[in-house]
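Enquirer: Dropping in query01.cif, with mmCIF, C-alpha atoms and all ligand atoms.
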data_work
#
loop_
_atom_site.label_atom_id
_atom_site.label_comp_id
_atom_site.auth_asym_id
_atom_site.auth_seq_id
_atom_site.Cartn_x
_atom_site.Cartn_y
_atom_site.Cartn_z
CA MET A 117 -60.10 -63.44 104.50
CA SER A 118 -61.35 -61.36 107.44
CA SER A 119 -63.38 -63.09 110.19
CA ALA A 120 -65.05 -59.79 111.21
CA PRO A 121 -68.62 -59.10 110.05
CA ALA A 122 -68.51 -58.12 106.40
CA VAL A 123 -70.62 -55.07 107.17
CA LEU A 124 -71.81 -53.81 110.55
CA PHE A 125 -74.24 -51.00 111.36
CA ASP A 126 -74.31 -49.97 115.00
CA GLY A 127 -76.95 -47.41 115.96
CA VAL A 128 -76.54 -45.45 112.74
CA CYS A 129 -78.52 -42.22 112.36
CA LYS A 130 -78.32 -39.73 109.52
CA SER A 131 -80.25 -36.50 109.08
CA PHE A 132 -80.01 -34.05 106.21
CA GLY A 133 -81.11 -30.80 107.86
CA SER A 134 -84.48 -31.58 109.42
CA ARG A 135 -85.03 -34.69 107.23
CA VAL A 136 -84.23 -37.92 109.02
CA ALA A 137 -82.97 -40.37 106.39
CA VAL A 138 -81.78 -43.20 108.66
CA GLN A 139 -82.69 -43.64 112.32
CA ASP A 140 -80.98 -45.90 114.82
CA VAL A 141 -80.18 -48.70 112.38
CA SER A 142 -78.20 -51.71 113.62
CA PHE A 143 -77.60 -54.93 111.69
CA GLN A 144 -74.79 -57.22 110.66
CA VAL A 145 -73.94 -58.84 107.33
CA ASP A 146 -72.02 -62.09 107.72
CA PRO A 147 -69.35 -63.40 105.32
CA GLY A 148 -70.50 -65.86 102.67
CA ARG A 149 -74.04 -64.45 102.51
CA ILE A 150 -76.03 -62.72 99.80
CA VAL A 151 -78.02 -60.02 101.55
CA ALA A 152 -80.77 -57.82 100.13
CA LEU A 153 -81.28 -54.34 101.53
CA LEU A 154 -84.94 -53.60 100.83
CA GLY A 155 -87.12 -50.57 101.27
CA PRO A 156 -89.35 -48.14 99.39
CA ASN A 157 -88.12 -45.01 97.61
CA GLY A 158 -86.54 -42.66 100.10
CA ALA A 159 -86.20 -45.38 102.78
CA GLY A 160 -82.51 -44.67 103.33
CA LYS A 161 -80.94 -47.58 101.42
CA THR A 162 -78.51 -45.53 99.34
CA THR A 163 -77.68 -43.31 102.32
CA SER A 164 -76.89 -46.43 104.38
CA LEU A 165 -74.65 -47.88 101.69
CA ARG A 166 -72.89 -44.54 101.35
CA ILE A 167 -72.35 -44.43 105.11
CA ALA A 168 -70.83 -47.93 105.05
CA LEU A 169 -68.52 -46.84 102.23
CA GLY A 170 -67.40 -43.68 104.00
CA LEU A 171 -69.06 -41.41 101.43
CA VAL A 172 -71.53 -39.97 103.94
CA THR A 173 -70.75 -39.30 107.63
CA PRO A 174 -73.44 -40.55 110.02
CA THR A 175 -74.97 -38.03 112.42
CA SER A 176 -74.43 -40.65 115.13
CA GLY A 177 -73.56 -44.34 115.35
CA ARG A 178 -70.98 -46.22 113.36
CA ALA A 179 -70.72 -48.49 110.32
CA THR A 180 -67.78 -50.78 109.62
CA VAL A 181 -66.70 -52.92 106.68
CA LEU A 182 -64.55 -55.98 107.39
CA GLY A 183 -64.07 -54.71 110.94
CA HIS A 184 -62.92 -51.16 110.12
CA ASP A 185 -64.35 -47.77 109.35
CA PHE A 186 -64.14 -47.75 105.57
CA ALA A 187 -61.67 -44.86 105.63
CA SER A 188 -59.22 -46.90 107.70
CA LEU A 189 -59.82 -50.28 106.04
CA PRO A 190 -56.44 -51.45 104.71
CA ASP A 191 -56.53 -51.99 100.94
CA ALA A 192 -60.19 -50.91 100.83
CA GLY A 193 -60.21 -50.31 97.08
CA ARG A 194 -59.30 -53.93 96.42
CA ARG A 195 -61.22 -55.63 99.21
CA VAL A 196 -64.58 -54.01 98.48
CA GLY A 197 -66.08 -53.94 95.00
CA LEU A 198 -68.75 -51.35 94.24
CA ALA A 199 -71.35 -50.99 91.54
CA MET A 200 -73.36 -47.84 92.25
CA ASP A 201 -74.78 -45.04 90.16
CA GLY A 202 -72.21 -42.43 89.32
CA ILE A 203 -69.22 -44.68 89.89
CA GLY A 204 -67.24 -45.87 86.92
CA ALA A 205 -68.35 -44.02 83.82
CA VAL A 206 -65.51 -42.52 81.79
CA ARG A 207 -66.74 -40.34 78.93
CA GLY A 208 -66.24 -41.75 75.46
CA ALA A 209 -64.26 -44.78 76.59
CA THR A 210 -64.68 -48.34 75.40
CA GLY A 211 -65.62 -50.99 77.93
CA ARG A 212 -62.07 -52.31 77.95
CA ARG A 213 -60.56 -48.85 78.36
CA GLU A 214 -62.83 -48.07 81.29
CA LEU A 215 -61.77 -51.27 83.02
CA GLU A 216 -58.11 -50.58 82.25
CA ILE A 217 -58.37 -47.19 83.93
CA TRP A 218 -59.89 -48.79 87.02
CA ALA A 219 -57.30 -51.57 86.94
CA ARG A 220 -54.50 -49.03 86.97
CA ALA A 221 -56.16 -47.03 89.78
CA THR A 222 -56.42 -50.12 92.00
CA GLY A 223 -53.11 -51.73 91.00
CA VAL A 224 -54.73 -54.66 89.22
CA SER A 225 -53.00 -56.36 86.26
CA ARG A 226 -54.29 -55.79 82.73
CA ARG A 227 -54.71 -59.53 82.38
CA ARG A 228 -57.43 -59.39 85.00
CA VAL A 229 -59.32 -57.01 82.69
CA ASP A 230 -59.67 -59.84 80.17
CA ASP A 231 -60.73 -62.20 82.96
CA VAL A 232 -63.54 -59.98 84.21
CA LEU A 233 -64.68 -59.15 80.67
CA GLY A 234 -65.07 -62.90 80.20
CA LEU A 235 -66.81 -63.31 83.56
CA VAL A 236 -69.48 -60.76 82.69
CA GLU A 237 -69.66 -61.98 79.07
CA LEU A 238 -68.63 -58.68 77.50
CA THR A 239 -65.49 -59.88 75.68
CA ASP A 240 -67.06 -59.37 72.25
CA ALA A 241 -68.30 -55.87 73.14
CA ALA A 242 -65.10 -54.76 74.88
CA ARG A 243 -63.97 -52.51 72.02
CA ARG A 244 -67.29 -50.72 71.68
CA ARG A 245 -67.93 -47.39 73.37
CA VAL A 246 -69.79 -47.65 76.66
CA ALA A 247 -72.12 -44.84 75.53
CA LYS A 248 -73.48 -47.30 72.93
CA TYR A 249 -74.05 -50.10 75.44
CA SER A 250 -77.56 -51.20 76.39
CA THR A 251 -78.62 -50.75 80.05
CA GLY A 252 -77.99 -54.44 80.66
CA MET A 253 -74.49 -54.19 79.17
CA LYS A 254 -73.76 -51.18 81.37
CA GLN A 255 -74.85 -53.22 84.38
CA ARG A 256 -72.48 -55.99 83.35
CA LEU A 257 -69.66 -53.49 82.96
CA ALA A 258 -70.39 -52.02 86.40
CA LEU A 259 -70.22 -55.53 87.80
CA ALA A 260 -66.93 -56.15 85.98
CA THR A 261 -65.53 -52.99 87.60
CA ALA A 262 -66.70 -54.20 91.00
CA LEU A 263 -65.11 -57.63 90.46
CA LEU A 264 -61.84 -56.32 89.05
CA ALA A 265 -59.76 -56.50 92.23
CA ASP A 266 -61.23 -59.86 93.27
CA PRO A 267 -62.86 -58.28 96.35
CA GLU A 268 -64.11 -59.91 99.56
CA VAL A 269 -67.27 -57.81 99.65
CA LEU A 270 -69.45 -56.72 96.74
CA VAL A 271 -71.86 -53.81 97.20
CA LEU A 272 -74.35 -53.56 94.36
CA ASP A 273 -77.06 -50.92 93.99
CA GLU A 274 -80.01 -52.29 91.95
CA PRO A 275 -77.86 -54.79 89.99
CA THR A 276 -80.75 -56.38 88.10
CA ASN A 277 -82.00 -53.07 86.62
CA GLY A 278 -81.97 -53.44 82.86
CA LEU A 279 -81.10 -57.13 82.84
CA ASP A 280 -83.38 -59.46 80.89
CA PRO A 281 -84.53 -62.75 82.49
CA GLU A 282 -81.50 -64.59 81.11
CA GLY A 283 -79.24 -61.85 82.48
CA ILE A 284 -80.88 -62.11 85.90
CA ARG A 285 -80.34 -65.87 85.91
CA TRP A 286 -76.74 -65.40 84.91
CA LEU A 287 -76.20 -62.83 87.67
CA ARG A 288 -77.75 -65.19 90.20
CA GLY A 289 -75.24 -67.92 89.32
CA LEU A 290 -72.35 -65.51 89.42
CA LEU A 291 -73.27 -64.10 92.83
CA ARG A 292 -73.88 -67.55 94.29
CA GLY A 293 -70.45 -68.72 93.11
CA PHE A 294 -68.94 -65.61 94.70
CA ALA A 295 -70.68 -66.20 98.05
CA ASP A 296 -69.81 -69.91 98.01
CA GLU A 297 -66.17 -68.83 98.21
CA GLY A 298 -66.92 -67.13 101.55
CA ARG A 299 -67.31 -63.68 100.05
CA THR A 300 -70.22 -61.39 100.74
CA VAL A 301 -72.75 -59.64 98.54
CA LEU A 302 -74.87 -56.71 99.73
CA ILE A 303 -77.54 -55.74 97.21
CA SER A 304 -79.79 -52.73 97.48
CA THR A 305 -83.06 -53.23 95.66
CA HIS A 306 -86.78 -52.61 95.59
CA ILE A 307 -87.50 -55.40 93.13
CA LEU A 308 -89.08 -58.14 95.20
CA SER A 309 -89.97 -60.63 92.50
CA GLU A 310 -86.66 -62.37 91.96
CA LEU A 311 -85.48 -62.09 95.58
CA SER A 312 -86.48 -65.56 96.63
CA GLN A 313 -84.25 -66.95 93.90
CA HIS A 314 -80.91 -65.65 95.03
CA ILE A 315 -80.97 -64.07 98.48
CA ASP A 316 -79.90 -65.60 101.80
CA ASP A 317 -80.74 -62.76 104.18
CA VAL A 318 -83.04 -59.75 104.13
CA VAL A 319 -82.70 -56.35 105.76
CA VAL A 320 -85.73 -54.06 105.44
CA LEU A 321 -85.31 -50.34 105.99
CA ASP A 322 -87.92 -47.64 106.09
CA THR A 323 -85.89 -44.94 107.83
CA THR A 324 -85.78 -47.31 110.82
CA LEU A 325 -84.85 -50.99 110.65
CA ARG A 326 -87.99 -53.04 109.99
CA PHE A 327 -86.52 -56.52 109.57
CA ASP A 328 -83.17 -58.30 109.77
CA GLY A 329 -83.01 -62.08 109.29
CA THR A 330 -82.85 -64.96 106.85
CA LEU A 331 -85.14 -65.15 103.82
CA ASP A 332 -86.73 -68.20 105.45
CA GLU A 333 -87.53 -66.17 108.57
CA PHE A 334 -88.81 -63.34 106.37
CA THR A 335 -91.36 -65.61 104.72
CA SER A 336 -92.05 -67.68 107.88
CA SER A 337 -90.68 -70.72 106.01
CA GLY A 338 -92.76 -69.98 102.94
CA ALA A 339 -96.06 -69.40 104.79
CA VAL A 340 -96.10 -65.70 103.76
CA SER A 341 -95.09 -64.35 100.35
CA VAL A 342 -92.12 -62.00 100.11
CA GLU A 343 -94.48 -59.30 98.86
CA ASP A 344 -97.07 -59.65 101.63
CA ARG A 345 -94.41 -59.62 104.34
CA TYR A 346 -92.72 -56.60 102.77
CA PHE A 347 -95.94 -54.56 102.75
CA GLU A 348 -96.63 -55.51 106.36
CA LEU A 349 -93.28 -54.00 107.31
CA VAL A 350 -93.05 -50.75 105.35
CA SER A 351 -95.28 -47.72 105.13
CA THR A 352 -96.90 -47.73 101.72
CA ARG A 353 -97.82 -44.07 101.57
CA ARG A 354 -94.92 -41.66 101.60
CA PRO A 355 -95.08 -37.89 102.10
CA GLU A 356 -94.84 -35.63 99.04
CA GLY A 357 -91.28 -34.97 98.01
CA SER A 358 -89.77 -37.73 100.13
CA HIS A 359 -88.07 -39.16 97.06
CA HIS A 360 -85.12 -37.24 95.71
CA ALA A 361 -84.32 -37.47 91.99
N1 LIG A 401 -77.62 -35.45 99.99
C1 LIG A 401 -78.87 -35.37 100.47
N2 LIG A 401 -79.38 -34.19 100.89
C2 LIG A 401 -80.61 -34.10 101.41
N3 LIG A 401 -81.45 -35.15 101.53
C3 LIG A 401 -81.01 -36.35 101.14
C4 LIG A 401 -79.70 -36.54 100.58
N4 LIG A 401 -79.54 -37.85 100.28
C5 LIG A 401 -80.69 -38.46 100.63
N5 LIG A 401 -81.57 -37.57 101.14
C6 LIG A 401 -82.92 -37.87 101.65
O1 LIG A 401 -82.80 -38.93 102.55
C7 LIG A 401 -83.89 -39.85 102.41
C8 LIG A 401 -83.34 -41.24 102.08
O2 LIG A 401 -82.82 -41.23 100.74
P1 LIG A 401 -82.07 -42.49 100.09
O3 LIG A 401 -81.58 -42.06 98.75
O4 LIG A 401 -81.08 -43.03 101.04
O5 LIG A 401 -83.26 -43.52 99.95
P2 LIG A 401 -83.31 -44.86 99.07
O6 LIG A 401 -83.90 -45.88 99.97
O7 LIG A 401 -81.98 -45.18 98.50
O8 LIG A 401 -84.34 -44.46 97.95
P3 LIG A 401 -84.45 -44.92 96.40
O9 LIG A 401 -84.94 -46.32 96.41
O10 LIG A 401 -85.47 -43.97 95.87
O11 LIG A 401 -83.09 -44.75 95.79
C9 LIG A 401 -84.80 -39.25 101.34
O12 LIG A 401 -85.80 -38.54 102.01
C10 LIG A 401 -83.88 -38.35 100.58
O13 LIG A 401 -84.61 -37.28 100.01
#
Would you put the structure from the file into structure tokens?
Ligand SMILES: Nc1ncnc2c1ncn2[C@@H]1O[C@H](COP(=O)(O)OP(=O)(O)OP(=O)(O)O)[C@@H](O)[C@H]1O
Expert:
Amino acid sequence: MSSAPAVLFDGVCKSFGSRVAVQDVSFQVDPGRIVALLGPNGAGKTTSLRIALGLVTPTSGRATVLGHDFASLPDAGRRVGLAMDGIGAVRGATGRRELEIWARATGVSRRRVDDVLGLVELTDAARRRVAKYSTGMKQRLALATALLADPEVLVLDEPTNGLDPEGIRWLRGLLRGFADEGRTVLISTHILSELSQHIDDVVVLDTTLRFDGTLDEFTSSGAVSVEDRYFELVSTRRPEGSHHA
């Protein structure tokens, strides 16, 4: 496994026309950590993740994953697992079929498809069409896709959306087991409530970097609630139209 930072942002800026989405953001995500990327709607979280994954080119600065620009990361498709909106869905396919397509694309054995279906507890639903899945089941399938190649880094956009409390608890255990093996999880979220249960480090963005440290530092060792600290750090009123659909 790589000894480089799992993810590194170095002075990253991104503007879309005159709109500044991300401004001079630098932080590092270390291996073996579960890190939450927090911020209000339109704060630049998705843009930042897309920059790290080579899907968006920064206006200036640089982001690396496992020590490389994503585009030049050897074996990137297997070393980094992604669960983001718009990635994965294959029209009309069953859960198993969708995973098989991804397995073939990344050179993963079909046996691993059964393994990840078991890991995300979708074995019994594997032959049903994804279109009929509940939101929580779709989240599990997205996670299965991300885990397929047994990656070193997992990047998950809002992974608890649609999960019930039992599902959230299950996800927590799964991610902790993953990080305990020295792998890294970067989660983008704006759900604060369950953070304290499964996060090691916190990065707060609101166009600029507002915080980067451990959860313990974030809450001043429990003296301040996650919510109170968050609202101290971000602007609560956002200009009209700052949130894209
Ligand atoms: N492709 C694009 N073209 C123009 N503007 C964009 C584009 N992508 C993002 N933006 C703008 O950049 C800013 C940051 O958006 P981004 O999606 O990164 O925020 P976010 O923190 O992920 O928000 P949310 O929590 O609502 O998903 C917003 O003002 C958004 O409107």
Enquirer: Between CA of Ala179 (chain A) and CA of Ala265 (chain A), what distance in Å does the model show, to one decimal?
Expert: 22.6 Å
Enquirer: Just to confirm, what's the straight-line distance from CA of Phe143 (chain A) to atom P1 of ligand LIG 401 (chain A) in Å (one decimal)?
Expert: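 It comes out at 17.6 Å.
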Enquirer: With 6 Å added on each side, what axis-aligned box encloses every listed atom of region 305-309 of chain A? Give the centre and edge lengths in Å to one decimal, as lines of an AutoDock Vina configuration file.
Expert:
center_x = -86.5
center_y = -56.6
center_z = 94.1
size_x = 18.9
size_y = 20.0
size_z = 15.2
Enquirer: Tell me which of A:Ala199, A:Leu349, A:Val269, A:Ile307 sits closest to Ala120 (chain A), counting all atoms listed in the file.
Expert: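 Closest candidate: A:Val269.
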Enquirer: Nearest to ligand LIG 401 (chain A): which of A:Gly133, A:Gly158, A:Gly127, A:Pro281 is it, counting all atoms listed in the file?
Expert: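 Under the stated criterion, the closest residue is A:Gly158.
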Enquirer: Could you check how far CA of Arg285 (chain A) sits from CA of Ile303 (chain A), in Å to one decimal?
Expert: 15.4 Å
Enquirer: Can you work out which one of A:Arg299, A:His306, A:Arg245, A:Arg220 has the shortest atom-to-atom distance to Arg195 (chain A), counting all atoms listed in the file?
Expert: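 Checking each of A:Arg299, A:His306, A:Arg245, A:Arg220 against Arg195 (chain A), counting all atoms listed in the file, the winner is A:Arg299.
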Enquirer: List every residue of chain A that has an atom at most 12 Å from any atom of ligand LIG 401 (chain A), and for each one report the closest atom pair and its distance in Å to one decimal, counting all atoms listed in the file, with rows sorted by chain and then by increasing residue number, as a tab-separated table.
Expert:
residue	atom	partner	partner_atom	distance
A:Cys129	CA	A:LIG401	O1	11.2
A:Lys130	CA	A:LIG401	O1	8.3
A:Ser131	CA	A:LIG401	O1	7.4
A:Phe132	CA	A:LIG401	C2	4.8
A:Gly133	CA	A:LIG401	C2	7.3
A:Ser134	CA	A:LIG401	N3	9.2
A:Arg135	CA	A:LIG401	O12	6.5
A:Val136	CA	A:LIG401	O1	6.7
A:Ala137	CA	A:LIG401	O1	4.1
A:Val138	CA	A:LIG401	C8	7.0
A:Gln139	CA	A:LIG401	C8	10.5
A:Leu153	CA	A:LIG401	O6	9.0
A:Leu154	CA	A:LIG401	O6	7.8
A:Gly155	CA	A:LIG401	O6	5.8
A:Pro156	CA	A:LIG401	O9	5.6
A:Asn157	CA	A:LIG401	O10	3.3
A:Gly158	CA	A:LIG401	O5	3.4
A:Ala159	CA	A:LIG401	O6	3.7
A:Gly160	CA	A:LIG401	O4	3.2
A:Lys161	CA	A:LIG401	O6	3.7
A:Thr162	CA	A:LIG401	O7	3.6
A:Thr163	CA	A:LIG401	O4	3.6
A:Ser164	CA	A:LIG401	O4	6.3
A:Leu165	CA	A:LIG401	O4	8.1
A:Arg166	CA	A:LIG401	O4	8.3
A:Ile167	CA	A:LIG401	O4	9.7
A:Leu171	CA	A:LIG401	N1	10.5
A:Val172	CA	A:LIG401	N1	8.6
A:Thr173	CA	A:LIG401	N1	11.0
A:Pro174	CA	A:LIG401	N4	11.8
A:Met200	CA	A:LIG401	O11	10.8
A:Asp201	CA	A:LIG401	O11	10.0
A:Asp273	CA	A:LIG401	O7	8.8
A:Glu274	CA	A:LIG401	O9	8.9
A:Ile303	CA	A:LIG401	O7	11.5
A:Ser304	CA	A:LIG401	O7	7.9
A:Thr305	CA	A:LIG401	O9	7.2
A:His306	CA	A:LIG401	O9	6.6
A:Ile307	CA	A:LIG401	O9	10.0
A:Val320	CA	A:LIG401	O6	10.0
A:Leu321	CA	A:LIG401	O6	7.6
A:Asp322	CA	A:LIG401	O6	7.5
A:Thr323	CA	A:LIG401	C8	7.3
A:Thr324	CA	A:LIG401	C8	10.9
A:Leu325	CA	A:LIG401	O6	11.9
A:Val350	CA	A:LIG401	O6	11.7
A:Arg354	CA	A:LIG401	O12	9.6
A:Pro355	CA	A:LIG401	O12	9.3
A:Glu356	CA	A:LIG401	O12	10.0
A:Gly357	CA	A:LIG401	O13	7.3
A:Ser358	CA	A:LIG401	O12	4.5
A:His359	CA	A:LIG401	O13	4.9
A:His360	CA	A:LIG401	O13	4.3
A:Ala361	CA	A:LIG401	O10	7.7
Enquirer: I'd like the neighbourhood of region 333-342 of chain A as a list of chain:residue names, where a residue qualifies if any of its atoms comes within 8 Å (using all atoms listed in the file), though same-chain residues fewer than 4 positions away should be ignored.
Expert: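 Selected residues are A:Leu308, A:Ser312, A:Val318, A:Phe327, A:Gly329, A:Tyr346.
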Enquirer: Excluding Ala187 (chain A) and any residue of its chain fewer than 3 positions from it, enumerate the residues within 8 Å of it, using only C-alpha atoms, and give them as a list of chain:residue names.
Expert: A:Leu169, A:Gly170, A:His184, A:Ala192
Enquirer: As an mmCIF file, in the frame of the given file, could you write out region 311-337 of chain A once it has been completed with N, CA and C atoms?
Expert:
data_model
loop_
_atom_site.group_PDB
_atom_site.id
_atom_site.type_symbol
_atom_site.label_atom_id
_atom_site.label_comp_id
_atom_site.auth_asym_id
_atom_site.auth_seq_id
_atom_site.Cartn_x
_atom_site.Cartn_y
_atom_site.Cartn_z
ATOM 1 N N LEU A 311 -86.228 -61.958 94.328
ATOM 2 C CA LEU A 311 -85.480 -62.090 95.580
ATOM 3 C C LEU A 311 -85.325 -63.530 96.033
ATOM 4 N N SER A 312 -86.471 -64.221 96.048
ATOM 5 C CA SER A 312 -86.480 -65.560 96.630
ATOM 6 C C SER A 312 -85.521 -66.484 95.892
ATOM 7 N N GLN A 313 -85.122 -66.088 94.690
ATOM 8 C CA GLN A 313 -84.250 -66.950 93.900
ATOM 9 C C GLN A 313 -82.789 -66.851 94.297
ATOM 10 N N HIS A 314 -82.362 -65.716 94.809
ATOM 11 C CA HIS A 314 -80.910 -65.650 95.030
ATOM 12 C C HIS A 314 -80.448 -64.957 96.308
ATOM 13 N N ILE A 315 -81.345 -64.799 97.259
ATOM 14 C CA ILE A 315 -80.970 -64.070 98.480
ATOM 15 C C ILE A 315 -80.923 -65.004 99.683
ATOM 16 N N ASP A 316 -79.957 -64.833 100.546
ATOM 17 C CA ASP A 316 -79.900 -65.600 101.800
ATOM 18 C C ASP A 316 -80.594 -64.848 102.927
ATOM 19 N N ASP A 317 -80.270 -63.560 103.048
ATOM 20 C CA ASP A 317 -80.740 -62.760 104.180
ATOM 21 C C ASP A 317 -81.408 -61.485 103.677
ATOM 22 N N VAL A 318 -82.284 -60.950 104.502
ATOM 23 C CA VAL A 318 -83.040 -59.750 104.130
ATOM 24 C C VAL A 318 -82.919 -58.709 105.238
ATOM 25 N N VAL A 319 -82.660 -57.484 104.831
ATOM 26 C CA VAL A 319 -82.700 -56.350 105.760
ATOM 27 C C VAL A 319 -83.715 -55.370 105.162
ATOM 28 N N VAL A 320 -84.738 -55.018 105.925
ATOM 29 C CA VAL A 320 -85.730 -54.060 105.440
ATOM 30 C C VAL A 320 -85.576 -52.752 106.192
ATOM 31 N N LEU A 321 -85.436 -51.684 105.422
ATOM 32 C CA LEU A 321 -85.310 -50.340 105.990
ATOM 33 C C LEU A 321 -86.492 -49.502 105.555
ATOM 34 N N ASP A 322 -87.001 -48.713 106.462
ATOM 35 C CA ASP A 322 -87.920 -47.640 106.090
ATOM 36 C C ASP A 322 -87.634 -46.517 107.083
ATOM 37 N N THR A 323 -86.537 -45.876 106.899
ATOM 38 C CA THR A 323 -85.890 -44.940 107.830
ATOM 39 C C THR A 323 -85.363 -45.693 109.055
ATOM 40 N N THR A 324 -86.239 -46.422 109.748
ATOM 41 C CA THR A 324 -85.780 -47.310 110.820
ATOM 42 C C THR A 324 -85.635 -48.723 110.263
ATOM 43 N N LEU A 325 -84.991 -49.586 111.038
ATOM 44 C CA LEU A 325 -84.850 -50.990 110.650
ATOM 45 C C LEU A 325 -86.176 -51.706 110.884
ATOM 46 N N ARG A 326 -86.709 -52.342 109.849
ATOM 47 C CA ARG A 326 -87.990 -53.040 109.990
ATOM 48 C C ARG A 326 -87.831 -54.552 110.074
ATOM 49 N N PHE A 327 -86.743 -55.072 109.520
ATOM 50 C CA PHE A 327 -86.520 -56.520 109.570
ATOM 51 C C PHE A 327 -85.046 -56.805 109.313
ATOM 52 N N ASP A 328 -84.548 -57.855 109.970
ATOM 53 C CA ASP A 328 -83.170 -58.300 109.770
ATOM 54 C C ASP A 328 -83.149 -59.792 110.070
ATOM 55 N N GLY A 329 -83.018 -60.636 109.045
ATOM 56 C CA GLY A 329 -83.010 -62.080 109.290
ATOM 57 C C GLY A 329 -82.832 -62.835 107.990
ATOM 58 N N THR A 330 -83.003 -64.147 108.055
ATOM 59 C CA THR A 330 -82.850 -64.960 106.850
ATOM 60 C C THR A 330 -84.113 -64.822 105.985
ATOM 61 N N LEU A 331 -83.983 -65.184 104.715
ATOM 62 C CA LEU A 331 -85.140 -65.150 103.820
ATOM 63 C C LEU A 331 -86.226 -66.092 104.345
ATOM 64 N N ASP A 332 -85.790 -67.222 104.903
ATOM 65 C CA ASP A 332 -86.730 -68.200 105.450
ATOM 66 C C ASP A 332 -87.518 -67.583 106.619
ATOM 67 N N GLU A 333 -86.835 -66.853 107.470
ATOM 68 C CA GLU A 333 -87.530 -66.170 108.570
ATOM 69 C C GLU A 333 -88.468 -65.094 108.021
ATOM 70 N N PHE A 334 -88.013 -64.418 106.975
ATOM 71 C CA PHE A 334 -88.810 -63.340 106.370
ATOM 72 C C PHE A 334 -90.158 -63.858 105.884
ATOM 73 N N THR A 335 -90.119 -65.048 105.282
ATOM 74 C CA THR A 335 -91.360 -65.610 104.720
ATOM 75 C C THR A 335 -92.015 -66.609 105.670
ATOM 76 N N SER A 336 -91.560 -66.668 106.920
ATOM 77 C CA SER A 336 -92.050 -67.680 107.880
ATOM 78 C C SER A 336 -92.051 -69.058 107.221
ATOM 79 N N SER A 337 -90.884 -69.433 106.707
ATOM 80 C CA SER A 337 -90.680 -70.720 106.010
ATOM 81 C C SER A 337 -91.648 -70.921 104.861
#
